[in-house]
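Working notes, structure below.
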Amino acid sequence: MIGWRLARRDLKGGRAGLGLLFACLLLSVAGLAAVLSLVASMNSAIADNGRALLGGDLLVSQAQRVATSEERAAMEGLGTVSEGVATRAMLRQGEEIALIDLRGVDGAFPLAGTLELEGARPASDDEIALGRAVAAQLGLGLGDRVALGQGDYRVSGLIDRMPGGTFLWAPPALVTPGGLGRSGLVVPGSLVDYQYRIALRNPAALEGAEEELIAALEPIGWEARTREGAGQGTQRFVALAGDMLLVIAIAALGIGALGIGAAMRAFAASRQAAVARLKLVGAQRRDLGAMLGLEITLAVGLALIPALAIGAAVPPLLEDMLAERFPVAPDTGPHWTALGLAAAVAIAVTVAVAWRPLVAALRTPPKALLRADAGSGLLNGRKIDWLVPVLAALVAIALLLLGSDNARLAGIAIAGLSVLALLFWLLGWAIQRAAKAAAGRGGPVARLGVAALHRPGNATRALTVALGLGLSILVTLAATSQSLLGELDGAIPERAPSHFITDLPRGSESDLRALVTEAMPQAKLRVVPSLRGSISAVDGIAVADLPEDRRSWLTSGDRGLTYSAAVPEGNEVVAGDWWGEDYAGAPLVSLEEEAARDLQLEVGDTLTLAIAGREVTATIASLRKVDWQSFGFNFGIVFAPGTLEQAPHVLMATIEPQGASVPRGFEAGLAETFPTATTISVAGVLEDVRSILTSLDAAVRIATLLAILIGVVVLTGSVLATRAARARDLVLLRLVGARGPQLVGTQLVEFAILVAAAVLLAIGAGLASSWFVITRQFDIGFAPDAAGIAALAGATIVVAIGSAMAAVRPALTRSPRAALRAH
């Protein structure tokens with residue numbers, strides 16, 4: 001209790017540095033707790049609602065093939081089965097059309113969860129239930145008539161939410177199985193997916209039931225998903241956003257650690273005199289350690305309570321917004337594991353940066369009072385003092401890695417941010433060296449301002465890190481999003497076709513060409529045959545038996561296939577030879593080169609594919625380099641003529657207007673002429689992608705601004721920590737005749753050099769990082785908005801210098817008379 005009594009009395013004498021400690025902890029921990037809580041809230045909601053999201057316990061699906069009677073019996077042996085068929089189609093209302101994700105479902109759907117809709121689900125074969133978005137787009141209400149394929153339907157319901165409707169390509173629509181047959185959309189070769197949902201008799205035996213069912217099904221083409229993976233699309237999006245926000249939160253925590261370190265040094269320096277005096281009257285070191293430790297603990301606790309409260313409040317505050325955009329509302333919590341992790345990381349970071357200055361302060365000898373060393377800010381440490389900080393830092397890193405959904409990314413982020421921090425630390429060191437070399441040059445205002453950058457007790461290196469780290473991340477994100485948005489708005493529309501058409505009936509090419517030529521005479525039309533198939537064996541080895549290092553995107557489920565006599569447009573043969581246009585022989589394929597490298601295949605090896613329920617083994621005749629950015633029809637596997645022509649299939653087409661505008665009503669004409677085909681407008685897809693990217697970019701930028709705000713707080717706190725020394729220097733300058741504008745000028749020179757250098761390096765580092773991501777990862781043109789980046793840099797300079805000048809203002813306005821009376 002002696003330590004507590006000493007701490008209570010000592011706090012009455014001053015709280016130097018604790019305000020900065022409170023601010024840095026509050027901001028950085030609130031950001032980390034908010035990110036962790038938000039991700040935990042969505043993951044918890046998805047995990048708790050997996051069965052409702054899937055519409056059952058288990059979902060198995062097969063492209064283009066109905067389950068056999070034996071397969072259906074195996075499913076029914078596990079529980080109740082609901083059968084459905086999924087495809088995409090065009091909905092028509094007069095001259096207006098819209099793409100929909102169409103489901104033909106039986107009366108048992110859904111086996112779990114709730115179909116939320118206004119009105120009623122389809123009860124007869126001429127009724128349809130539509131998602132609200134597509135109903136609003138076409139101006140449809142309950143009871144209205146709408147055309148689909150070769151039939152017309154009455155709108156019986158407006159869907160708000162349904163199981164299995166997570167991150168669909170288009171708004172959902174439901175019909176009965178008979179209603180789907182009435183549309184004429186399901187023909188041999190069309191892109192349909194037969195889905196079977198199962199509600200298990202014993203839901204607890206999920207893993208065993210999945211294995212039992214997969215073993216009973218034909219081993220070709222089936223895909224399975226359980227309730228535990230029902231929200232995979234949502235989880236991927238949440239993970240992507242969460243990973244980006246976590247990187248920023250870690251950066252903010254790192255910047256906050258600099259502020260906490262500055263606060264601890266100021267606090268420890270202010271307690272040197274008290275430690276020396278208490279030692280003179282017989283205080284023991286352990287009691288003094290308890291005194292300082294309790295003071296820090298109190299300050300940390302006072303900061304953590306509101307910080308964690310802010311983090312816990314984020315999911316409830318965003319509940320309505322997230323519920324509109326995701327298939328499940330977030331679990332509002334509180335999420336104690338996430339909050340506890342944020343608190344534990346904060347405590348470990350505080351120990352890491354506070355230990356050395358506090359231990360050094362405890363070593364202050366009583367004789368320091370006689371030499372006036374106590375309170376000078378000179379804290380002498382020893383090498384052994386690094387042991388606890390290093391261990392605490394490792395604990396903080398371990399907690400972040402263990403608590404992250406993506407430990408690899410968190411590790412890369414910590415390493416990358418450490419390298420970036422080292423870069424800015426070296427900048428601060430270079431500024432100090434340059435300032436020392438420039439000593440004595442220029443006028444008195446410039447000399448004094450430059451001298452402040454390298455004088456004893458300066459925080460030049462810490463401040464360059466604090467200011468530069470957050471801004472460099474913001475510049476990286478801004479330049480990256482600007483380049484992506486520029487690609488979406490400019491380059492992609494220029495290169496990409498205006499429309500993709502799928503599920504065209506065989507033999508319809510001439511009619512399509514006539515329609516396109518009449519509407520756009522200069523347009524380029526490309527038509528290719530299209531099938532679906534899956535790789536079942538690679539060079540004689542079953543896909544299921546392939547090792548993990550010998551898998552490819554081509555082996556994960558069904559993939560598009562085609563056949564061609566000529567090398568497809570945008571493709572280049574890089575190994576082997578292309579077959580002749582009049583080839584007639586054993587099955588041959590051409591394989592995309594990256595997939596071949598992943599599968600460890602060469603020319604002469606074989607691939608076995610399951611196509612329309614049959615297996616075809618083909619020899620690899622060539623490897624191709626595919627220009628995926630051509631935005632045409634690109635296939636990983638292309639067959640030689642003579643193998644697939646008799647298999648049930650459809651046609652696909654792309655339309656390039658060649659600079660001409662698409663006439664109004666063209667899409668409606670396509671839908672009317674080819675009612676079973678699906679027309680996808682590239683402009684509409686790009687707009688959806690742009691909307692998602694813009695929303696994500698906005699959220700990330702807001703979070704990044706928090707990191708910059710913490711940097712400004714660190715700058716302001718560091719200036720406040722040196723205000724007494726600055727006031728003494730400025731008073732001396734006044735006594736020798738310096739005027740007010742000159743004193744202001746000395747401070748402006750110091751802050752301007754420091755801030756401008758940090759901002760310039762941050763822009764360079766951010767642009768370089770963005771360039772690497774855009775050109776190497778996305779392989780698109782680097783096109784940042786120079787004016788926007790310049791404005792961002794200018795705003796940062798103004799805010800940072802303004803904050804520093806506001807903090808130093810009391811020192812600038814202090815009169816020599818007041819200073820002399822104080823001494």
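The way I read the labels, and the way they are meant: chains A, B, ... in the order of the structure tokens, residue 1 as the first residue of every chain, and ligand 1 as the first ligand shown, with later ones counted on from there.
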
- Filtered DSSP result for region 59-275 of chain A, state helix (DSSP H, G or I), as a PyMOL selection string: chain A and resi 69-76+132-138+177-183+203-216+227-229+232-270+272-275

- Pairwise distance, CA of Arg88 (chain A) with CA of Asp101 (chain A), equals 4.7 Å

- Message: Taking 3 positions as the minimum chain separation for residues in the same chain, which residues sit within 8 Å of Pro657 (chain A) when counting only C-alpha atoms? Answer as a ChimeraX atom specification.
- Response: /A:497-498,520,522-524,660-662

Those selected residues, please, written with C-alpha atoms and delivered as a CSV table (one decimal), in the first residue's frame.
```csv
chain,number,residue,atom,x,y,z
A,497,PRO,CA,-16.8,-6.0,-75.7
A,498,SER,CA,-20.0,-4.2,-75.0
A,520,MET,CA,-24.3,-1.8,-85.7
A,522,GLN,CA,-19.2,-1.8,-88.1
A,523,ALA,CA,-19.5,-4.1,-85.0
A,524,LYS,CA,-17.2,-7.1,-84.5
A,660,ALA,CA,-20.3,3.0,-82.5
A,661,SER,CA,-22.9,3.6,-79.8
A,662,VAL,CA,-25.2,0.8,-78.9
```

- Query: Could you name the residues that touch region 350-359 of chain A at 10 Å or less, counting only C-alpha atoms, but leaving out those on the same chain fewer than 6 positions away, as a VMD selection string?
  - Reply: chain A and resid 21 25 256 to 269 271 to 272 289 292 to 293 296 to 297 300 344 377 to 396

Please produce a file of those selected residues containing C-alpha atoms, as a CSV table (one decimal), in the first residue's frame.
```
chain,number,residue,atom,x,y,z
A,21,LEU,CA,-0.3,8.6,-23.3
A,25,LEU,CA,-3.8,4.8,-26.4
A,256,GLY,CA,0.6,5.3,-31.3
A,257,ALA,CA,3.5,3.4,-29.8
A,258,LEU,CA,5.8,6.3,-30.8
A,259,GLY,CA,3.5,8.7,-29.0
A,260,ILE,CA,3.3,6.4,-26.0
A,261,GLY,CA,7.1,6.2,-25.9
A,262,ALA,CA,7.4,10.0,-26.1
A,263,ALA,CA,4.8,10.3,-23.3
A,264,MET,CA,6.7,7.8,-21.2
A,265,ARG,CA,10.0,9.6,-21.6
A,266,ALA,CA,8.4,12.9,-20.6
A,267,PHE,CA,6.7,11.3,-17.7
A,268,ALA,CA,9.9,9.5,-16.5
A,269,ALA,CA,11.9,12.7,-16.9
A,271,ARG,CA,9.5,12.1,-12.0
A,272,GLN,CA,13.3,12.1,-11.6
A,289,GLY,CA,8.7,1.2,-8.8
A,292,LEU,CA,5.4,4.7,-11.0
A,293,GLY,CA,3.8,1.5,-12.2
A,296,ILE,CA,1.0,4.3,-15.5
A,297,THR,CA,-1.5,1.5,-14.9
A,300,VAL,CA,-3.6,3.0,-19.2
A,344,ALA,CA,-3.7,-7.3,-24.3
A,377,GLY,CA,15.3,14.5,-19.4
A,378,LEU,CA,18.6,12.7,-19.6
A,379,LEU,CA,17.6,9.1,-18.9
A,380,ASN,CA,20.6,6.7,-18.8
A,381,GLY,CA,19.7,3.1,-19.7
A,382,ARG,CA,21.6,-0.2,-19.7
A,383,LYS,CA,21.7,-3.0,-22.2
A,384,ILE,CA,19.9,-5.3,-19.8
A,385,ASP,CA,17.0,-2.9,-19.9
A,386,TRP,CA,16.2,-4.1,-23.5
A,387,LEU,CA,15.2,-7.6,-22.4
A,388,VAL,CA,11.7,-6.8,-21.1
A,389,PRO,CA,10.8,-4.4,-24.0
A,390,VAL,CA,11.9,-7.0,-26.6
A,391,LEU,CA,9.9,-9.7,-24.9
A,392,ALA,CA,6.8,-7.4,-24.6
A,393,ALA,CA,7.1,-6.5,-28.3
A,394,LEU,CA,7.3,-10.2,-29.3
A,395,VAL,CA,4.2,-10.9,-27.2
A,396,ALA,CA,2.3,-8.0,-28.9
```

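For the set A:Arg809, A:Arg532, A:Arg227, A:Lys279, the residue with the smallest atom-to-atom gap to Thr364 (chain A) is A:Lys279, counting only C-alpha atoms.
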